[in-house]
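**Q** Just start38.cif, nothing more (mmCIF, C-alpha atoms and all ligand atoms):
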data_upload
loop_
_atom_site.label_atom_id
_atom_site.label_comp_id
_atom_site.auth_asym_id
_atom_site.auth_seq_id
_atom_site.Cartn_x
_atom_site.Cartn_y
_atom_site.Cartn_z
CA MET E 149 22.78 -12.36 0.75
CA THR E 150 21.67 -10.46 3.84
CA TYR E 151 18.21 -9.24 4.74
CA VAL E 152 17.28 -6.13 6.67
CA ILE E 153 13.84 -5.52 8.15
CA LEU E 154 13.09 -1.90 8.83
CA ASP E 155 10.39 -0.26 10.90
CA LEU E 156 9.71 3.40 11.55
CA GLU E 157 7.65 5.47 13.93
CA TRP E 158 6.68 9.00 12.94
CA ASN E 159 4.93 12.05 14.27
CA GLY E 160 2.38 13.98 12.23
CA ALA E 161 3.34 17.63 12.03
CA ARG E 162 2.30 20.72 10.13
CA SER E 163 5.22 22.03 8.14
CA GLU E 164 5.53 25.69 7.12
CA LYS E 165 8.17 24.69 4.57
CA ILE E 166 5.91 22.37 2.60
CA GLY E 167 2.72 24.17 3.58
CA GLY E 168 1.03 21.00 4.72
CA TYR E 169 1.15 17.86 6.73
CA PHE E 170 4.41 16.02 7.20
CA ASN E 171 5.18 12.63 8.77
CA GLU E 172 8.40 13.29 10.64
CA ILE E 173 10.32 10.13 11.54
CA ILE E 174 11.13 9.89 15.27
CA GLU E 175 12.40 6.32 15.54
CA ILE E 176 14.09 3.89 13.20
CA GLY E 177 14.40 0.26 14.19
CA ALA E 178 15.97 -2.49 12.09
CA VAL E 179 17.28 -6.02 12.31
CA ARG E 180 19.82 -7.64 10.01
CA LEU E 181 19.24 -11.30 9.27
CA SER E 182 21.56 -13.98 8.05
CA GLU E 183 20.68 -16.17 5.09
CA ASP E 184 18.88 -18.62 7.39
CA GLY E 185 16.83 -15.89 9.07
CA ARG E 186 18.77 -15.53 12.32
CA ILE E 187 18.99 -12.01 13.76
CA GLU E 188 22.65 -11.00 13.44
CA ASP E 189 22.43 -7.38 14.52
CA ARG E 190 19.98 -4.73 15.68
CA PHE E 191 19.65 -1.04 15.02
CA ASP E 192 17.61 1.40 17.05
CA ALA E 193 17.73 5.18 16.93
CA TYR E 194 15.51 7.95 18.21
CA ILE E 195 15.44 11.03 16.06
CA ARG E 196 15.12 14.53 17.44
CA PRO E 197 12.19 16.11 15.60
CA VAL E 198 12.71 19.59 14.20
CA VAL E 199 9.48 20.24 12.32
CA SER E 200 7.26 19.77 15.35
CA ARG E 201 9.13 19.35 18.63
CA LYS E 202 6.03 18.17 20.39
CA LEU E 203 4.73 14.67 19.77
CA THR E 204 0.99 14.32 19.25
CA ARG E 205 -0.95 12.50 21.92
CA LEU E 206 -1.93 9.90 19.33
CA VAL E 207 1.73 9.04 18.70
CA THR E 208 2.66 9.00 22.39
CA ASN E 209 -0.28 6.74 23.18
CA LEU E 210 0.40 4.38 20.30
CA THR E 211 4.16 4.09 20.61
CA GLY E 212 4.90 5.01 24.22
CA ILE E 213 7.63 7.30 22.90
CA THR E 214 7.95 10.51 24.95
CA ASP E 215 9.13 14.03 24.13
CA ASP E 216 12.12 13.49 26.43
CA GLN E 217 13.21 10.35 24.59
CA VAL E 218 13.29 12.01 21.20
CA LYS E 219 14.87 15.20 22.58
CA LYS E 220 17.94 13.09 23.41
CA GLY E 221 17.89 11.54 19.95
CA VAL E 222 20.15 12.16 16.97
CA SER E 223 19.40 14.23 13.87
CA PHE E 224 17.73 12.58 10.86
CA GLY E 225 21.01 12.94 8.94
CA GLN E 226 23.03 11.18 11.65
CA ALA E 227 20.48 8.38 11.90
CA MET E 228 20.55 7.86 8.13
CA GLU E 229 24.35 7.73 8.08
CA SER E 230 24.41 5.05 10.76
CA LEU E 231 21.59 3.18 9.05
CA CYS E 232 23.46 3.17 5.72
CA ARG E 233 26.41 1.54 7.47
CA PHE E 234 24.10 -0.94 9.21
CA VAL E 235 22.33 -1.99 6.01
CA GLY E 236 25.54 -2.22 4.00
CA GLU E 237 25.56 -2.91 0.30
CA ASP E 238 23.31 -5.31 -1.60
CA ALA E 239 20.99 -6.19 1.27
CA VAL E 240 17.34 -6.90 0.54
CA VAL E 241 15.44 -4.36 2.62
CA MET E 242 11.96 -5.24 3.84
CA THR E 243 9.19 -3.29 5.54
CA TRP E 244 5.72 -4.31 6.72
CA SER E 245 3.66 -2.73 3.88
CA ASN E 246 5.27 -0.03 1.79
CA THR E 247 3.88 2.82 3.90
CA ASP E 248 7.13 3.00 5.87
CA LEU E 249 9.03 3.29 2.62
CA THR E 250 6.80 6.13 1.44
CA VAL E 251 7.35 7.97 4.74
CA LEU E 252 11.11 7.43 4.49
CA MET E 253 11.06 8.91 0.97
CA GLU E 254 9.03 11.85 2.24
CA ASN E 255 11.68 12.50 4.93
CA CYS E 256 14.57 12.15 2.47
CA ARG E 257 12.84 14.67 0.22
CA TYR E 258 12.33 17.04 3.13
CA PHE E 259 15.84 16.86 4.58
CA TYR E 260 17.96 16.13 1.48
CA GLY E 261 15.80 17.49 -1.33
CA ASP E 262 15.97 14.04 -2.95
CA GLU E 263 13.37 11.37 -2.35
CA ARG E 264 15.70 8.48 -3.12
CA ILE E 265 16.64 6.31 -0.18
CA PRO E 266 20.45 6.08 -0.16
CA PHE E 267 20.86 2.50 1.11
CA LEU E 268 18.07 0.92 -0.93
CA SER E 269 19.10 -1.36 -3.79
CA ALA E 270 16.61 -4.23 -3.49
CA TYR E 271 13.25 -4.19 -1.74
CA LEU E 272 10.44 -6.49 -0.69
CA ASP E 273 7.11 -5.61 0.92
CA LEU E 274 7.05 -8.28 3.63
CA GLN E 275 3.36 -7.80 4.38
CA TYR E 276 2.41 -8.43 0.76
CA TYR E 277 4.75 -11.41 0.50
CA ALA E 278 3.60 -12.97 3.79
CA GLN E 279 -0.09 -12.59 2.94
CA THR E 280 0.49 -14.13 -0.50
CA ARG E 281 2.46 -17.04 0.97
CA LEU E 282 -0.20 -17.71 3.60
CA GLY E 283 -3.02 -17.56 1.04
CA LEU E 284 -4.67 -14.60 2.77
CA GLY E 285 -4.98 -12.55 -0.40
CA THR E 286 -3.69 -9.00 -0.63
CA ALA E 287 -6.90 -6.96 -0.85
CA GLN E 288 -6.96 -6.39 2.91
CA GLN E 289 -3.80 -5.50 4.78
CA VAL E 290 -3.26 -7.58 7.90
CA ALA E 291 -1.59 -5.85 10.83
CA LEU E 292 1.77 -7.17 11.97
CA SER E 293 0.56 -8.00 15.50
CA LYS E 294 -2.57 -9.73 14.18
CA LEU E 295 -0.65 -11.96 11.80
CA ALA E 296 1.90 -12.80 14.50
CA GLU E 297 -0.99 -13.84 16.73
CA GLN E 298 -2.49 -16.00 13.97
CA LEU E 299 0.86 -17.70 13.50
CA GLU E 300 1.08 -18.14 17.27
CA LEU E 301 4.34 -16.26 17.43
CA ASN E 302 5.07 -15.02 20.88
CA SER E 303 4.78 -11.25 20.94
CA ASP E 304 4.61 -10.93 24.74
CA GLU E 305 8.26 -10.06 25.10
CA VAL E 306 8.16 -7.29 22.56
CA GLU E 307 6.48 -3.92 22.86
CA LEU E 308 4.33 -3.43 19.80
CA HIS E 309 4.60 -0.16 17.90
CA HIS E 310 8.12 0.26 19.07
CA ALA E 311 10.21 0.25 15.91
CA ILE E 312 12.88 -2.23 16.99
CA ASP E 313 10.35 -4.67 18.48
CA ASP E 314 8.14 -4.52 15.41
CA SER E 315 11.20 -5.41 13.33
CA VAL E 316 11.94 -8.39 15.58
CA LEU E 317 8.36 -9.57 15.25
CA ALA E 318 8.42 -9.10 11.47
CA ALA E 319 11.61 -11.20 11.41
CA ALA E 320 9.75 -14.04 13.15
CA ILE E 321 7.07 -13.87 10.45
CA PHE E 322 9.77 -13.77 7.76
CA ARG E 323 11.22 -17.04 9.08
CA GLN E 324 7.78 -18.68 8.90
CA VAL E 325 6.92 -17.65 5.36
CA TYR E 326 10.32 -17.51 3.60
CA GLU E 327 10.74 -19.76 0.60
CA SER E 328 13.72 -19.16 -1.66
CA SER E 329 12.30 -19.15 -5.18
CA SER E 330 9.09 -17.19 -4.48
CA PHE E 331 11.14 -14.75 -2.41
CA GLN E 332 13.65 -14.08 -5.19
CA LYS E 333 10.78 -13.45 -7.60
CA ALA E 334 9.09 -11.00 -5.22
CA VAL E 335 12.18 -8.85 -4.63
CA SER E 336 12.16 -5.62 -6.66
CA PRO E 337 15.35 -4.01 -7.87
CA VAL E 338 15.30 -0.36 -6.84
CA ASN E 339 15.58 1.74 -9.99
CA ASP E 340 13.76 4.67 -11.62
CA GLU E 341 10.73 2.52 -12.38
CA PHE E 342 10.57 1.36 -8.76
CA TYR E 343 10.25 4.96 -7.54
CA ARG E 344 7.77 5.86 -10.26
CA ARG E 345 5.62 2.87 -9.31
CA LEU E 346 5.79 3.67 -5.60
CA THR E 347 4.73 7.28 -6.09
CA PHE E 348 2.11 6.58 -8.75
CA LYS E 349 -1.40 7.59 -7.69
CA PRO E 350 -4.20 5.59 -9.37
CA THR E 351 -7.03 7.72 -10.73
CA PHE E 352 -10.51 7.06 -12.08
CA ILE E 353 -11.04 7.99 -15.73
CA ARG E 354 -13.81 10.57 -16.01
CA GLU E 355 -14.15 10.95 -19.81
CA ILE E 356 -15.99 8.21 -21.66
CA ASP E 357 -14.06 8.87 -24.91
CA ASP E 358 -10.67 8.60 -23.19
CA PRO E 359 -8.47 6.55 -25.57
CA LEU E 360 -7.49 4.32 -22.64
CA ILE E 361 -11.01 2.89 -22.62
CA ARG E 362 -11.43 0.37 -25.42
CA ARG E 363 -14.72 0.07 -27.31
CA ALA E 364 -15.02 -3.55 -26.15
CA ASP E 365 -14.97 -2.34 -22.54
CA LEU E 366 -18.25 -0.54 -23.19
CA ARG E 367 -20.12 -3.49 -24.71
CA PHE E 368 -22.38 -5.92 -22.90
CA SER E 369 -24.31 -9.02 -23.84
CA CYS E 370 -27.76 -10.03 -22.64
CA GLU E 371 -27.81 -12.17 -19.51
CA VAL E 372 -31.02 -13.84 -20.70
CA CYS E 373 -30.31 -14.71 -24.34
CA ARG E 374 -26.62 -13.80 -24.84
CA HIS E 375 -27.30 -11.35 -27.69
CA ASN E 376 -25.25 -8.17 -27.87
CA LEU E 377 -26.99 -5.32 -26.12
CA LYS E 378 -27.74 -2.02 -27.78
CA ARG E 379 -27.13 1.16 -25.86
CA VAL E 380 -30.29 3.28 -25.89
CA GLY E 381 -29.16 6.31 -23.86
CA LYS E 382 -26.14 8.50 -23.40
CA TRP E 383 -23.28 7.54 -21.10
CA GLN E 384 -23.49 9.40 -17.80
CA CYS E 385 -20.39 9.98 -15.72
CA GLN E 386 -21.08 9.52 -12.07
CA HIS E 387 -18.67 9.78 -9.18
CA ARG E 388 -16.41 6.86 -10.02
CA PHE E 389 -18.14 5.13 -12.91
CA PHE E 390 -20.08 5.51 -16.13
CA THR E 391 -23.63 4.29 -16.59
CA ALA E 392 -25.93 3.94 -19.60
CA VAL E 393 -29.23 2.21 -20.42
CA PHE E 394 -28.95 -0.90 -22.61
CA ARG E 395 -31.62 -2.92 -24.35
CA CYS E 396 -31.64 -6.40 -25.86
CA ALA E 397 -33.14 -6.30 -29.36
CA ALA E 398 -33.84 -10.03 -29.23
CA CYS E 399 -35.71 -10.43 -25.92
CA GLY E 400 -36.44 -6.86 -24.89
CA THR E 401 -34.69 -6.99 -21.49
CA GLU E 402 -33.43 -3.61 -20.32
CA TYR E 403 -30.34 -3.03 -18.26
CA ILE E 404 -28.22 -0.36 -16.67
CA GLY E 405 -24.64 -0.99 -17.77
CA ARG E 406 -21.98 0.23 -15.39
CA VAL E 407 -18.28 0.62 -16.23
CA GLN E 408 -15.46 1.73 -13.98
CA ALA E 409 -12.07 2.55 -15.46
CA LYS E 410 -9.15 2.99 -13.08
CA ARG E 411 -5.79 4.13 -14.35
CA LYS E 412 -3.06 2.16 -12.58
CA PHE E 413 0.70 2.04 -13.05
CA ASP E 414 0.54 -1.07 -15.26
CA GLY E 415 -2.48 -0.01 -17.29
CA VAL E 416 -6.20 0.46 -17.00
CA GLU E 417 -8.34 -1.74 -14.78
CA ILE E 418 -11.91 -2.11 -16.04
CA LYS E 419 -14.79 -3.25 -13.86
CA LYS E 420 -18.17 -3.91 -15.49
CA ARG E 421 -21.58 -4.66 -14.11
CA LEU E 422 -25.05 -5.15 -15.61
CA ILE E 423 -28.15 -4.40 -13.58
CA ARG E 424 -31.55 -5.64 -14.82
CA LYS E 425 -33.88 -2.70 -15.32
CA MET E 426 -37.09 -4.56 -16.09
CA ALA E 427 -37.01 -6.42 -12.78
CA GLU E 428 -36.87 -3.13 -10.91
CA LYS E 429 -39.82 -1.75 -12.83
CA GLU E 430 -41.87 -4.92 -12.31
CA GLN E 431 -41.24 -4.77 -8.60
CA GLU E 432 -42.22 -1.13 -8.34
CA THR E 433 -45.37 -1.34 -10.43
CA GLY E 434 -46.35 -4.95 -9.91
CA GLY E 435 -45.65 -5.74 -13.59
CA ALA E 436 -48.17 -3.27 -14.99
CA THR E 437 -46.97 -0.87 -17.68
ZN ZN E 501 -31.86 -10.85 -24.58
#
Starting from the file, give its structure as structure tokens.
**A**
Amino acid sequence: MTYVILDLEWNGARSEKIGGYFNEIIEIGAVRLSEDGRIEDRFDAYIRPVVSRKLTRLVTNLTGITDDQVKKGVSFGQAMESLCRFVGEDAVVMTWSNTDLTVLMENCRYFYGDERIPFLSAYLDLQYYAQTRLGLGTAQQVALSKLAEQLELNSDEVELHHAIDDSVLAAAIFRQVYESSSFQKAVSPVNDEFYRRLTFKPTFIREIDDPLIRRADLRFSCEVCRHNLKRVGKWQCQHRFFTAVFRCAACGTEYIGRVQAKRKFDGVEIKKRLIRKMAEKEQETGGAT
């Protein structure tokens, strides 16, 4: 099995064709690794932008890439053809967070009218995998350079935010965190479901009687005496959650019950919280009623 780590740089441009903002790829860097993590080959291509010929100052400052460099580059189509040959068949392709993958899909859609990435058959989000392996959790994304620093990997010789150098640095992280069985489990086959998952946008449910919310999700029990609470007011839909007033028939404690329902690819994620109402009132009025 071979592994390919891919990194892209792009320029934000307004596109007449799509009537909005477009992230046009201007550099593709990649390294191909052997089974034991050694870098076998490198790929680096500048791409001549056609949507916006001028790079934004933000991009030039971040990447050091100049208008002249990309002017001498190849077309997106030529770069993709060479990259397909470089990746070969059956390689596991990795990127640092799946943002690069999303941008690559966006470019394939723009230039080919098809968002599928031609050389992609198996994929792993290296950022997610590395953070899991290092016990850092996955709620916060850790930047490539920051993690390399934490692992005391030498990044002095590479220029950060230069696609090929970022790939080399990601390869050093890969060597540190790779473990065969967890890696195999984390690799996703690239099929219809893979693309559906990648493009899925989570949304908050705004209707309390949505069938995706179960009745049990809307019940609470008293924090004081454990009895089931009775709802004594209507559910209100606020920005991202529902709230209602609850009362314990046994001990009289009043609460605001809060429920958030987020529709994700694998189902609905429910978050619940109870806030004591009586305590608030006591504080405000000094306990007098
Ligand atoms: Zn109670």
**Q** Between E:Leu346, E:Val380, E:Ala287, E:Cys396, which residue has the minimum interatomic distance to Glu263 of chain E, considering all atoms listed in the file?
**A**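 Result for the nearest residue to Glu263 of chain E: E:Leu346.
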**Q** Give me the residues near segment 403-416 of chain E as a VMD selection string, where near means some atom within 9 Å (using all atoms listed in the file) and where sequence neighbours in that chain fewer than 4 positions away do not count.
**A** chain E and resid 344 to 345 348 to 354 360 to 361 365 to 368 370 377 379 388 to 396 420 to 426
**Q** With only C-alpha atoms and all ligand atoms counted, collect every polymer residue having an atom within 8 Å of ligand ZN 501 (chain E); state the result as a ChimeraX atom specification.
**A** /E:369-377,395-401
**Q** Any idea what the distance is between atom CA of Asn159 of chain E and atom CA of Arg201 of chain E?
**A**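 Taking atom CA of Asn159 of chain E and atom CA of Arg201 of chain E, their separation equals 9.5 Å.
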**Q** Give me the residues within 12 Å of Thr214 of chain E as a PyMOL selection string, counting all atoms listed in the file and dropping any in the same chain fewer than 3 places off.
**A** chain E and resi 159+174-175+194-197+201-211+217-221+310
**Q** Would you work out the distance separating atom CA of Thr286 of chain E from atom CA of Ile321 of chain E, expressed in Å to one decimal?
**A**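 Going from atom CA of Thr286 of chain E over to atom CA of Ile321 of chain E, I get 16.2 Å.
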**Q** What is the distance between atom CA of Tyr169 of chain E and atom CA of Asn246 of chain E, in Å to one decimal?
**A** 19.0 Å
**Q** Compare E:Ala319, E:Leu284, E:Leu252, E:Leu299 by their minimum atom-to-atom distance to Ala178 of chain E, counting only C-alpha atoms, and give me the closest one.
**A** E:Ala319
**Q** Would you list the residues near (6.6, -2.4, 9.6) (no more than 9 Å away, in the coordinates of the file, using only C-alpha atoms) as a list in words?
**A**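 Checking each residue against the 9 Å limit leaves Ile153, Leu154, Asp155, Leu156, Met242, Thr243, Trp244, Ser245, Asn246, Thr247, Asp248, Leu274, Gln275, Ala291, Leu292, His309, Ala311, Asp314, Ser315 and Ala318 of chain E.
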**Q** What lies within 10 Å of Asn171 of chain E using all atoms listed in the file, ignoring chain neighbours under 2 positions off, as a PDB file with C-alpha atoms, keeping the file's coordinate frame?
**A**
ATOM      1  CA  GLU E 157       7.650   5.470  13.930  1.00  0.00           C
ATOM      2  CA  TRP E 158       6.680   9.000  12.940  1.00  0.00           C
ATOM      3  CA  ASN E 159       4.930  12.050  14.270  1.00  0.00           C
ATOM      4  CA  GLY E 160       2.380  13.980  12.230  1.00  0.00           C
ATOM      5  CA  ALA E 161       3.340  17.630  12.030  1.00  0.00           C
ATOM      6  CA  ARG E 162       2.300  20.720  10.130  1.00  0.00           C
ATOM      7  CA  SER E 163       5.220  22.030   8.140  1.00  0.00           C
ATOM      8  CA  TYR E 169       1.150  17.860   6.730  1.00  0.00           C
ATOM      9  CA  ILE E 173      10.320  10.130  11.540  1.00  0.00           C
ATOM     10  CA  ILE E 174      11.130   9.890  15.270  1.00  0.00           C
ATOM     11  CA  VAL E 199       9.480  20.240  12.320  1.00  0.00           C
ATOM     12  CA  SER E 200       7.260  19.770  15.350  1.00  0.00           C
ATOM     13  CA  THR E 250       6.800   6.130   1.440  1.00  0.00           C
ATOM     14  CA  VAL E 251       7.350   7.970   4.740  1.00  0.00           C
ATOM     15  CA  LEU E 252      11.110   7.430   4.490  1.00  0.00           C
ATOM     16  CA  GLU E 254       9.030  11.850   2.240  1.00  0.00           C
ATOM     17  CA  ASN E 255      11.680  12.500   4.930  1.00  0.00           C
TER      18      ASN E 255
END
**Q** Return as JSON the box centre and box size in Å, one decimal, for an axis-aligned box around all listed atoms of segment 414-421 of chain E padded by 4 Å per side.
**A**
{"center_x": -10.5, "center_y": -2.1, "center_z": -15.6, "size_x": 30.1, "size_y": 13.1, "size_z": 11.4}
